[in-house]
Amino acid sequence: MSCEQCNSNHKDLFFIHQGLRMCRVCLSVATLEPIEITCPNHLIEDINLSFDLTLKQKEVSKQLCNTYERNILFEAVCGAGKTECVLELIKDRLNKGLKVGWAIPRRQVVLELTSRLQKVFPSLSIIAVCEGYTTQLSADLVLFTTHQAFRYKQSFDVLILDEVDAFPYKGNHLLHHLISQTYKQQCIMMSATIPSNLRKTMTLEKWPHITCYERPTQIPLTIPVHIKTLSWIMIFMIFKLKHRQKKWLIFVPSIKLAQRYALILRCDSLTSKSNDKEKIIERFSNAEQGMLVCTTILERGVTFINVHVMVIMAHHRVFDESSLVQIAGRVGRHKMYPTGDVFFISSQESEEMNACIRTLQNANVIAYGV
Amino acid sequence: MHPYTPKRQCHCLWCLVPLDKQDFSFLIRHDYLCCEHEQFLTSKVKQVSIKDRDINYFFEYEHTMASLFFRYKEHKDIPLCGCIFYPHRKDLKTIIQDRSVVIVPSSVTKTQLRGFHPLQLSLEICGIKSLDILEKIDNSDQKKKGKAQRNLTYFRMKSSYPTLTHEVVLIDDVLTTGNSLMRCWDLLESQGHHVIGCVLAINSSWLM
């Protein structure tokens with residue numbers, strides 16, 4: 001017999017305690033009463049955006065809004081404005097009295113997106129539910145990390161599942177099952193890097209596939225440059241970059257390396273173990289030049305203006321194709337600074353690096369023919 | 001055989017990943033742990049002197065150990081009792097020989113809430129019968145107390161208990177401040193026993 005909550009069915013994963021059959025996989029996920037989500041007590045009239053959507057964004061937004069199938073796959077390149085494209089859908093569904101939730105694997109992204117959406121929908125109560133933010137669980141619009149999905153069994157009518165290919169959601173069967181339990185009618189899965197297994201399911205089950213390969217800046221995506229070099233030359237290069245008037249995000253494969261590089265370069269580092277993550281991000285956002293050494297924690301969901309990117313040891317197994325595409329996508333997101341540099345630095349080539357470069361080139365060919 | 005005694009299985013007892021031991025089976029000592037956790041649990045018994053008392057221990061208490069104990073005690077993942085003393089049962093039995101085994105008591109309320117005694121169970125599956133003959137006078141939660149308050153925790157012998165051997169082995173799972181263990185040690189010594197201390201993991205501050 002399989003577990004009702006996580007679908008595990010192997011006998012090794014169960015034990016009997018005080019007469020009850022317990023599942024070890026979801027033991028830490030307490031069985032709670034599902035949360036009742038509130039509905040807005042008024043109709044949402046306007047979306048408070050400080051800029052106009054491009055023609056392509058408007059078209060995609062309309063397509064999303066008018067699609068009512070159970071599953072939709074929304075693929076858009078980094079910086080294409082995925083969030084802006086689903087705003088119309090949120091407004092439409094909420095005005096129809098449906099309950100909308102937004103699940104994201106990364107805590108940092110949940111927090112950032114919540115404050116962005118609060119500005120867009122000032123009349124709605126919007127909350128983030130993630131580690132450290134679990135006192136309020138119900139609002140008009142709930143953004144939550146995929147780990148919190150156990151609280152919302154059948155709580156939403158429509159679920160937006162952002163960054164479907166991100167750790168820790170990717171490949172985690174428990175989280176997949178928990179997410180599938182949260183919504184009743186529709187799930188919009190979106191990312192810039194759709195995993196191949198999801199593509200196969202989409203083809204098999206004939207889900208609508210909505211795409212947007214254009215950025216609002218109408219400038220092609222920056223193609224990363226691979227620099228093959230030894231590590232001591234690499235450090236020398238970074239030192240030289242430090243004296244150029246630019247803002248650099250330096251990605252490294254591990255927390256230890258991030259701390260070591262930050263010490264050498266005398267700059268901040270940001271990893272999952274850093275304290276005051278929000279402050280470090282704010283400090284880097286406000287700076288006009290400088291460096292921030294980070295792990296893949298910053299690979300997605302964050303926008304810095306006029307930033308350039310460097311990936312150290314880009315051949316490392318941590319940096320898979322989707323991770324590298326997302327990292328490259330941090331550059332050129334603002335219309336004032338639509339271009340930038342992306343360097344992959346490593347002593348050897350990797351298939352993942354080449355795949356990333358190919359994916360970005362293909363997106364440019366589809367969108368702009370270049 | 002105890003129902004929680006680890007046996008050959010298809011998933012790692014610790015991290016639940018499916019076990020595929022075909023390639024490295026000759027390296028594996030336990031057939032219920034993955035390579036990563038198998039390596040982690042192969043520590044040998046060591047000794048450290050704290051306040052002039054020699055204490056046997058197996059591990060330095062760091063985050064992997066902490067997460068194991070958290071899952072075992074707080075999430076009540078009872079099968080994990082096979083990852084506590086069980087992989088070291090031979091070393092443990094060498095220390096114990098035919099001496100009586102006394103455990104450092106834990107809060108009665110917590111044990112009732114959990115529905116099992118974590119330390120006693122982890123020894124039970126090794127075939128070691130432990131005696132829970134000490135009791136705390138103050139039953140409040142250790143974690144909620146400061147260091148100074150922990151110093152005020154006292155123990156006493158329970159009103160009735162079986163006869164102990166002259167030499168007793170005093171066992172705890174984790175030694176953090178060392179207060180509980182030392183107070184129990186004092187109490188047993190005051191009853192005329194010679195005490196041998198043994199813990200599974202020890203706070204790194206004691207090892208510097």
# chains A, B, ... in the order shown; residues from 1 in each chain; ligands from 1
$ interface_residues --of "chain A" --to "chain B" --cutoff "12 Å" --atoms "only C-alpha atoms" --output "PDB file with C-alpha atoms, in the first residue's frame"
ATOM      1  CA  SER A   8       6.075   5.989  -1.613  1.00  0.00           C
ATOM      2  CA  HIS A  10       8.464   0.334  -0.785  1.00  0.00           C
ATOM      3  CA  LYS A  11       8.294  -1.658   2.440  1.00  0.00           C
ATOM      4  CA  ASP A  12      11.703  -0.300   3.603  1.00  0.00           C
ATOM      5  CA  LEU A  13      10.172   3.152   3.841  1.00  0.00           C
ATOM      6  CA  PHE A  14       7.479   2.292   6.381  1.00  0.00           C
ATOM      7  CA  PHE A  15       7.405   1.367  10.051  1.00  0.00           C
ATOM      8  CA  ILE A  16       4.751   0.845  12.684  1.00  0.00           C
ATOM      9  CA  HIS A  17       4.697   3.132  15.720  1.00  0.00           C
ATOM     10  CA  GLN A  18       1.967   3.000  18.364  1.00  0.00           C
ATOM     11  CA  GLY A  19      -0.216   1.002  16.012  1.00  0.00           C
ATOM     12  CA  ARG A  21       1.848   2.876   9.853  1.00  0.00           C
ATOM     13  CA  MET A  22       4.349   5.701   9.371  1.00  0.00           C
ATOM     14  CA  CYS A  23       6.029   6.714   6.113  1.00  0.00           C
ATOM     15  CA  ARG A  24       9.680   7.655   6.620  1.00  0.00           C
ATOM     16  CA  VAL A  25       9.852   9.766   3.430  1.00  0.00           C
ATOM     17  CA  CYS A  26       7.283  12.304   4.529  1.00  0.00           C
ATOM     18  CA  LEU A  27       7.613  11.895   8.282  1.00  0.00           C
ATOM     19  CA  SER A  28       9.088  15.372   8.624  1.00  0.00           C
ATOM     20  CA  VAL A  29       6.185  16.787   6.641  1.00  0.00           C
ATOM     21  CA  ALA A  30       3.553  16.806   9.334  1.00  0.00           C
ATOM     22  CA  ASN A 172      12.491  15.258  -6.112  1.00  0.00           C
ATOM     23  CA  HIS A 173       9.553  12.841  -6.291  1.00  0.00           C
TER      24      HIS A 173
END
$ residues_around --residues "Cys34 of chain B" --least-positions-apart "3" --cutoff "7 Å" --atoms "only C-alpha atoms" --output "list in words"
Cys12, Leu19, His37 and Glu38 of chain B
$ closest_atom_pairs --of "segment 269-361 of chain A" --to "segment 248-254 of chain A" --cutoff "10 Å" --atoms "only C-alpha atoms" --output "JSON lines"
{"residue": "A:Ser269", "atom": "CA", "partner": "A:Ile250", "partner_atom": "CA", "distance": 9.2}
{"residue": "A:Leu270", "atom": "CA", "partner": "A:Phe251", "partner_atom": "CA", "distance": 9.7}
{"residue": "A:Thr271", "atom": "CA", "partner": "A:Ser254", "partner_atom": "CA", "distance": 8.5}
{"residue": "A:Phe284", "atom": "CA", "partner": "A:Leu249", "partner_atom": "CA", "distance": 9.3}
{"residue": "A:Gln289", "atom": "CA", "partner": "A:Trp248", "partner_atom": "CA", "distance": 7.5}
{"residue": "A:Gly290", "atom": "CA", "partner": "A:Trp248", "partner_atom": "CA", "distance": 6.2}
{"residue": "A:Met291", "atom": "CA", "partner": "A:Trp248", "partner_atom": "CA", "distance": 4.7}
{"residue": "A:Leu292", "atom": "CA", "partner": "A:Leu249", "partner_atom": "CA", "distance": 5.1}
{"residue": "A:Val293", "atom": "CA", "partner": "A:Ile250", "partner_atom": "CA", "distance": 4.6}
{"residue": "A:Cys294", "atom": "CA", "partner": "A:Phe251", "partner_atom": "CA", "distance": 5.1}
{"residue": "A:Thr295", "atom": "CA", "partner": "A:Val252", "partner_atom": "CA", "distance": 5.3}
{"residue": "A:Thr296", "atom": "CA", "partner": "A:Phe251", "partner_atom": "CA", "distance": 6.8}
{"residue": "A:Ile297", "atom": "CA", "partner": "A:Phe251", "partner_atom": "CA", "distance": 9.3}
{"residue": "A:Leu298", "atom": "CA", "partner": "A:Phe251", "partner_atom": "CA", "distance": 8.4}
{"residue": "A:Glu299", "atom": "CA", "partner": "A:Phe251", "partner_atom": "CA", "distance": 8.3}
{"residue": "A:Phe304", "atom": "CA", "partner": "A:Leu249", "partner_atom": "CA", "distance": 9.4}
{"residue": "A:Asn306", "atom": "CA", "partner": "A:Trp248", "partner_atom": "CA", "distance": 9.1}
{"residue": "A:Val307", "atom": "CA", "partner": "A:Trp248", "partner_atom": "CA", "distance": 5.8}
{"residue": "A:His308", "atom": "CA", "partner": "A:Trp248", "partner_atom": "CA", "distance": 4.8}
{"residue": "A:Val309", "atom": "CA", "partner": "A:Leu249", "partner_atom": "CA", "distance": 4.9}
{"residue": "A:Met310", "atom": "CA", "partner": "A:Ile250", "partner_atom": "CA", "distance": 4.9}
{"residue": "A:Val311", "atom": "CA", "partner": "A:Phe251", "partner_atom": "CA", "distance": 4.7}
{"residue": "A:Ile312", "atom": "CA", "partner": "A:Val252", "partner_atom": "CA", "distance": 5.2}
{"residue": "A:Met313", "atom": "CA", "partner": "A:Val252", "partner_atom": "CA", "distance": 6.8}
{"residue": "A:Ala314", "atom": "CA", "partner": "A:Pro253", "partner_atom": "CA", "distance": 7.9}
{"residue": "A:His315", "atom": "CA", "partner": "A:Pro253", "partner_atom": "CA", "distance": 9.4}
{"residue": "A:His316", "atom": "CA", "partner": "A:Pro253", "partner_atom": "CA", "distance": 6.7}
{"residue": "A:Arg317", "atom": "CA", "partner": "A:Pro253", "partner_atom": "CA", "distance": 8.3}
{"residue": "A:Val318", "atom": "CA", "partner": "A:Pro253", "partner_atom": "CA", "distance": 6.0}
{"residue": "A:Phe319", "atom": "CA", "partner": "A:Pro253", "partner_atom": "CA", "distance": 7.3}
{"residue": "A:Leu324", "atom": "CA", "partner": "A:Phe251", "partner_atom": "CA", "distance": 10.0}
{"residue": "A:Ile327", "atom": "CA", "partner": "A:Phe251", "partner_atom": "CA", "distance": 8.3}
{"residue": "A:Arg330", "atom": "CA", "partner": "A:Leu249", "partner_atom": "CA", "distance": 9.0}
{"residue": "A:Val331", "atom": "CA", "partner": "A:Leu249", "partner_atom": "CA", "distance": 9.6}
{"residue": "A:Asp341", "atom": "CA", "partner": "A:Trp248", "partner_atom": "CA", "distance": 9.2}
{"residue": "A:Val342", "atom": "CA", "partner": "A:Leu249", "partner_atom": "CA", "distance": 9.7}
{"residue": "A:Phe343", "atom": "CA", "partner": "A:Ile250", "partner_atom": "CA", "distance": 9.5}
{"residue": "A:Phe344", "atom": "CA", "partner": "A:Phe251", "partner_atom": "CA", "distance": 9.5}
$ residues_around --residues "Leu188 of chain B" --least-positions-apart "2" --cutoff "10 Å" --atoms "only C-alpha atoms" --output "tab-separated table (two decimals) with N, CA, C and O atoms, in the first residue's frame"
chain	number	residue	atom	x	y	z
B	102	VAL	N	24.17	2.21	32.76
B	102	VAL	CA	23.22	3.21	33.24
B	102	VAL	C	23.15	4.32	32.19
B	102	VAL	O	24.17	4.73	31.66
B	134	LEU	N	18.22	6.75	36.98
B	134	LEU	CA	18.41	8.12	37.48
B	134	LEU	C	17.22	8.95	37.01
B	134	LEU	O	16.62	8.67	35.98
B	156	ARG	N	18.74	12.43	40.79
B	156	ARG	CA	18.72	11.57	41.97
B	156	ARG	C	18.46	10.13	41.52
B	156	ARG	O	18.02	9.91	40.38
B	157	MET	N	18.74	9.19	42.42
B	157	MET	CA	18.47	7.80	42.08
B	157	MET	C	16.96	7.60	42.21
B	157	MET	O	16.33	8.21	43.09
B	167	GLU	N	31.55	-1.57	39.01
B	167	GLU	CA	31.91	-0.68	37.89
B	167	GLU	C	30.67	-0.51	37.00
B	167	GLU	O	30.08	-1.52	36.58
B	168	VAL	N	30.30	0.71	36.74
B	168	VAL	CA	29.14	0.91	35.85
B	168	VAL	C	29.55	1.75	34.63
B	168	VAL	O	30.45	2.58	34.71
B	170	LEU	N	28.35	4.55	32.16
B	170	LEU	CA	27.34	5.60	32.05
B	170	LEU	C	27.30	6.06	30.60
B	170	LEU	O	28.30	6.50	30.04
B	182	MET	N	28.28	14.74	33.89
B	182	MET	CA	29.14	14.91	35.07
B	182	MET	C	28.34	14.77	36.38
B	182	MET	O	28.80	14.20	37.35
B	183	ARG	N	27.12	15.31	36.36
B	183	ARG	CA	26.30	15.22	37.58
B	183	ARG	C	25.86	13.78	37.85
B	183	ARG	O	25.84	13.35	39.00
B	184	CYS	N	25.52	13.08	36.77
B	184	CYS	CA	25.15	11.66	36.95
B	184	CYS	C	26.37	10.88	37.43
B	184	CYS	O	26.26	9.99	38.27
B	185	TRP	N	27.52	11.24	36.88
B	185	TRP	CA	28.78	10.59	37.26
B	185	TRP	C	29.03	10.78	38.76
B	185	TRP	O	29.30	9.83	39.49
B	186	ASP	N	28.88	12.04	39.22
B	186	ASP	CA	29.08	12.35	40.64
B	186	ASP	C	28.13	11.52	41.51
B	186	ASP	O	28.51	10.97	42.54
B	190	SER	N	29.05	8.85	44.26
B	190	SER	CA	28.67	9.02	45.66
B	190	SER	C	27.99	7.75	46.21
B	190	SER	O	27.91	7.56	47.41
B	191	GLN	N	27.49	6.92	45.30
B	191	GLN	CA	26.87	5.65	45.72
B	191	GLN	C	27.92	4.53	45.80
B	191	GLN	O	27.58	3.36	45.94
B	192	GLY	N	29.17	4.88	45.59
B	192	GLY	CA	30.27	3.92	45.74
B	192	GLY	C	30.63	3.18	44.49
B	192	GLY	O	31.33	2.16	44.54
B	193	HIS	N	30.18	3.68	43.31
B	193	HIS	CA	30.49	2.97	42.07
B	193	HIS	C	31.68	3.60	41.35
B	193	HIS	O	31.92	4.80	41.48
B	194	HIS	N	32.36	2.78	40.58
B	194	HIS	CA	33.41	3.30	39.71
B	194	HIS	C	32.76	3.49	38.34
B	194	HIS	O	32.16	2.56	37.80
B	195	VAL	N	32.88	4.70	37.76
B	195	VAL	CA	32.12	5.00	36.54
B	195	VAL	C	33.03	5.04	35.30
B	195	VAL	O	34.14	5.57	35.35
$ residues_around --residues "Thr64 of chain B" --least-positions-apart "5" --cutoff "12 Å" --atoms "only C-alpha atoms" --output "PyMOL selection string"
chain B and resi 14-15+36-37+40-41+59+69-71+201
$ closest_residue --among "B:Pro162, B:Pro105, B:Pro87, B:Gly178" --to "Lys51 of chain B" --atoms "only C-alpha atoms"
B:Gly178
$ closest_residue --among "A:Met1, A:Val129, A:Cys212, A:Ala80" --to "His334 of chain A" --atoms "only C-alpha atoms"
A:Ala80
$ select_by_dssp --residues "segment 112-198 of chain B" --states "alpha helix (DSSP H)" --output "list in words"
Gln112, Leu113, Arg114, Pro118, Leu119, Gln120, Leu121, Ser122, Leu123, Glu124, Lys147, Ala148, Gln149, Arg150, Asn179, Ser180, Leu181, Met182, Arg183, Cys184, Trp185, Asp186, Leu187, Leu188, Glu189 and Ser190 of chain B
$ write_last_selection --atoms "N, CA, C and O atoms" --output "mmCIF file, in the first residue's frame"
data_model
loop_
_atom_site.group_PDB
_atom_site.id
_atom_site.type_symbol
_atom_site.label_atom_id
_atom_site.label_comp_id
_atom_site.auth_asym_id
_atom_site.auth_seq_id
_atom_site.Cartn_x
_atom_site.Cartn_y
_atom_site.Cartn_z
ATOM 1 N N GLN B 112 7.436 10.712 27.045
ATOM 2 C CA GLN B 112 6.015 10.349 26.897
ATOM 3 C C GLN B 112 5.473 10.866 25.575
ATOM 4 O O GLN B 112 4.750 10.173 24.866
ATOM 5 N N LEU B 113 5.839 12.118 25.224
ATOM 6 C CA LEU B 113 5.364 12.708 23.972
ATOM 7 C C LEU B 113 5.860 11.916 22.762
ATOM 8 O O LEU B 113 5.123 11.699 21.803
ATOM 9 N N ARG B 114 7.122 11.506 22.816
ATOM 10 C CA ARG B 114 7.699 10.757 21.689
ATOM 11 C C ARG B 114 7.121 9.358 21.584
ATOM 12 O O ARG B 114 7.021 8.801 20.509
ATOM 13 N N PRO B 118 14.652 7.330 23.070
ATOM 14 C CA PRO B 118 15.643 7.213 21.997
ATOM 15 C C PRO B 118 16.934 6.501 22.400
ATOM 16 O O PRO B 118 17.395 5.612 21.686
ATOM 17 N N LEU B 119 17.487 6.863 23.553
ATOM 18 C CA LEU B 119 18.772 6.298 23.945
ATOM 19 C C LEU B 119 18.628 4.816 24.302
ATOM 20 O O LEU B 119 19.417 3.976 23.853
ATOM 21 N N GLN B 120 17.585 4.532 25.079
ATOM 22 C CA GLN B 120 17.368 3.150 25.513
ATOM 23 C C GLN B 120 17.115 2.229 24.304
ATOM 24 O O GLN B 120 17.660 1.126 24.231
ATOM 25 N N LEU B 121 16.318 2.736 23.353
ATOM 26 C CA LEU B 121 16.001 1.927 22.174
ATOM 27 C C LEU B 121 17.253 1.661 21.334
ATOM 28 O O LEU B 121 17.464 0.545 20.853
ATOM 29 N N SER B 122 18.103 2.699 21.185
ATOM 30 C CA SER B 122 19.298 2.515 20.353
ATOM 31 C C SER B 122 20.263 1.504 20.987
ATOM 32 O O SER B 122 21.036 0.866 20.282
ATOM 33 N N LEU B 123 20.211 1.347 22.312
ATOM 34 C CA LEU B 123 21.048 0.341 22.972
ATOM 35 C C LEU B 123 20.380 -1.031 22.927
ATOM 36 O O LEU B 123 21.042 -2.047 22.774
ATOM 37 N N GLU B 124 19.064 -0.998 23.045
ATOM 38 C CA GLU B 124 18.286 -2.244 23.053
ATOM 39 C C GLU B 124 18.517 -3.058 21.780
ATOM 40 O O GLU B 124 18.687 -4.266 21.829
ATOM 41 N N LYS B 147 23.222 28.269 29.834
ATOM 42 C CA LYS B 147 24.273 27.435 30.400
ATOM 43 C C LYS B 147 24.207 27.441 31.934
ATOM 44 O O LYS B 147 24.331 26.398 32.587
ATOM 45 N N ALA B 148 23.948 28.652 32.486
ATOM 46 C CA ALA B 148 23.918 28.780 33.945
ATOM 47 C C ALA B 148 22.766 27.963 34.532
ATOM 48 O O ALA B 148 22.915 27.294 35.550
ATOM 49 N N GLN B 149 21.620 28.006 33.819
ATOM 50 C CA GLN B 149 20.446 27.268 34.316
ATOM 51 C C GLN B 149 20.664 25.764 34.252
ATOM 52 O O GLN B 149 20.223 25.033 35.110
ATOM 53 N N ARG B 150 21.396 25.349 33.162
ATOM 54 C CA ARG B 150 21.658 23.913 33.022
ATOM 55 C C ARG B 150 22.486 23.409 34.203
ATOM 56 O O ARG B 150 22.382 22.266 34.609
ATOM 57 N N ASN B 179 27.376 18.823 31.470
ATOM 58 C CA ASN B 179 26.821 18.955 32.824
ATOM 59 C C ASN B 179 26.035 17.741 33.282
ATOM 60 O O ASN B 179 26.244 17.247 34.380
ATOM 61 N N SER B 180 25.117 17.282 32.412
ATOM 62 C CA SER B 180 24.276 16.146 32.802
ATOM 63 C C SER B 180 25.136 14.935 33.112
ATOM 64 O O SER B 180 24.975 14.288 34.152
ATOM 65 N N LEU B 181 26.060 14.650 32.182
ATOM 66 C CA LEU B 181 26.894 13.461 32.348
ATOM 67 C C LEU B 181 27.710 13.552 33.638
ATOM 68 O O LEU B 181 27.785 12.602 34.416
ATOM 69 N N MET B 182 28.281 14.740 33.893
ATOM 70 C CA MET B 182 29.139 14.906 35.075
ATOM 71 C C MET B 182 28.336 14.771 36.378
ATOM 72 O O MET B 182 28.804 14.195 37.348
ATOM 73 N N ARG B 183 27.123 15.305 36.360
ATOM 74 C CA ARG B 183 26.303 15.225 37.580
ATOM 75 C C ARG B 183 25.863 13.783 37.854
ATOM 76 O O ARG B 183 25.843 13.346 39.000
ATOM 77 N N CYS B 184 25.518 13.077 36.771
ATOM 78 C CA CYS B 184 25.151 11.663 36.948
ATOM 79 C C CYS B 184 26.373 10.881 37.435
ATOM 80 O O CYS B 184 26.264 9.986 38.274
ATOM 81 N N TRP B 185 27.521 11.240 36.875
ATOM 82 C CA TRP B 185 28.782 10.592 37.255
ATOM 83 C C TRP B 185 29.025 10.779 38.760
ATOM 84 O O TRP B 185 29.299 9.826 39.488
ATOM 85 N N ASP B 186 28.881 12.042 39.216
ATOM 86 C CA ASP B 186 29.076 12.353 40.645
ATOM 87 C C ASP B 186 28.126 11.525 41.508
ATOM 88 O O ASP B 186 28.505 10.973 42.536
ATOM 89 N N LEU B 187 26.872 11.476 41.042
ATOM 90 C CA LEU B 187 25.852 10.777 41.822
ATOM 91 C C LEU B 187 26.188 9.289 41.968
ATOM 92 O O LEU B 187 26.120 8.732 43.066
ATOM 93 N N LEU B 188 26.596 8.673 40.849
ATOM 94 C CA LEU B 188 26.931 7.248 40.898
ATOM 95 C C LEU B 188 28.172 7.013 41.757
ATOM 96 O O LEU B 188 28.248 6.040 42.502
ATOM 97 N N GLU B 189 29.129 7.943 41.660
ATOM 98 C CA GLU B 189 30.342 7.811 42.486
ATOM 99 C C GLU B 189 30.002 7.930 43.971
ATOM 100 O O GLU B 189 30.555 7.222 44.798
ATOM 101 N N SER B 190 29.054 8.846 44.255
ATOM 102 C CA SER B 190 28.667 9.019 45.662
ATOM 103 C C SER B 190 27.992 7.754 46.213
ATOM 104 O O SER B 190 27.907 7.561 47.408
#
$ atom_distance --atom1 "atom CA of Glu60 of chain B" --atom2 "atom CA of Leu200 of chain B"
8.6 Å
$ atom_distance --atom1 "atom CA of Ile160 of chain A" --atom2 "atom CA of Ile72 of chain A"
9.6 Å
$ atom_distance --atom1 "atom CA of Val77 of chain A" --atom2 "atom CA of Val365 of chain A"
12.5 Å
$ residues_around --residues "Val101 of chain B" --least-positions-apart "4" --cutoff "6 Å" --atoms "only C-alpha atoms" --output "PDB file with all heavy atoms, in the first residue's frame"
ATOM      1  N   SER B 130      19.957  -1.556  29.187  1.00  0.00           N
ATOM      2  CA  SER B 130      20.382  -0.380  29.949  1.00  0.00           C
ATOM      3  C   SER B 130      19.407  -0.128  31.096  1.00  0.00           C
ATOM      4  O   SER B 130      18.238  -0.509  31.027  1.00  0.00           O
ATOM      5  CB  SER B 130      20.425   0.833  29.033  1.00  0.00           C
ATOM      6  OG  SER B 130      19.162   1.037  28.480  1.00  0.00           O
ATOM      7  N   LEU B 131      19.925   0.522  32.127  1.00  0.00           N
ATOM      8  CA  LEU B 131      19.083   0.800  33.295  1.00  0.00           C
ATOM      9  C   LEU B 131      18.797   2.290  33.376  1.00  0.00           C
ATOM     10  O   LEU B 131      19.719   3.107  33.389  1.00  0.00           O
ATOM     11  CB  LEU B 131      19.806   0.334  34.563  1.00  0.00           C
ATOM     12  CG  LEU B 131      20.144  -1.161  34.611  1.00  0.00           C
ATOM     13  CD1 LEU B 131      21.110  -1.453  35.729  1.00  0.00           C
ATOM     14  CD2 LEU B 131      18.871  -1.981  34.779  1.00  0.00           C
ATOM     15  N   VAL B 168      30.296   0.708  36.738  1.00  0.00           N
ATOM     16  CA  VAL B 168      29.136   0.913  35.850  1.00  0.00           C
ATOM     17  C   VAL B 168      29.545   1.748  34.632  1.00  0.00           C
ATOM     18  O   VAL B 168      30.446   2.584  34.711  1.00  0.00           O
ATOM     19  CB  VAL B 168      27.947   1.631  36.564  1.00  0.00           C
ATOM     20  CG1 VAL B 168      27.330   0.770  37.624  1.00  0.00           C
ATOM     21  CG2 VAL B 168      28.374   2.966  37.111  1.00  0.00           C
ATOM     22  N   VAL B 169      28.889   1.477  33.514  1.00  0.00           N
ATOM     23  CA  VAL B 169      29.144   2.279  32.310  1.00  0.00           C
ATOM     24  C   VAL B 169      27.992   3.275  32.182  1.00  0.00           C
ATOM     25  O   VAL B 169      26.823   2.886  32.122  1.00  0.00           O
ATOM     26  CB  VAL B 169      29.237   1.387  31.049  1.00  0.00           C
ATOM     27  CG1 VAL B 169      29.517   2.232  29.824  1.00  0.00           C
ATOM     28  CG2 VAL B 169      30.315   0.335  31.230  1.00  0.00           C
TER      29      VAL B 169
END
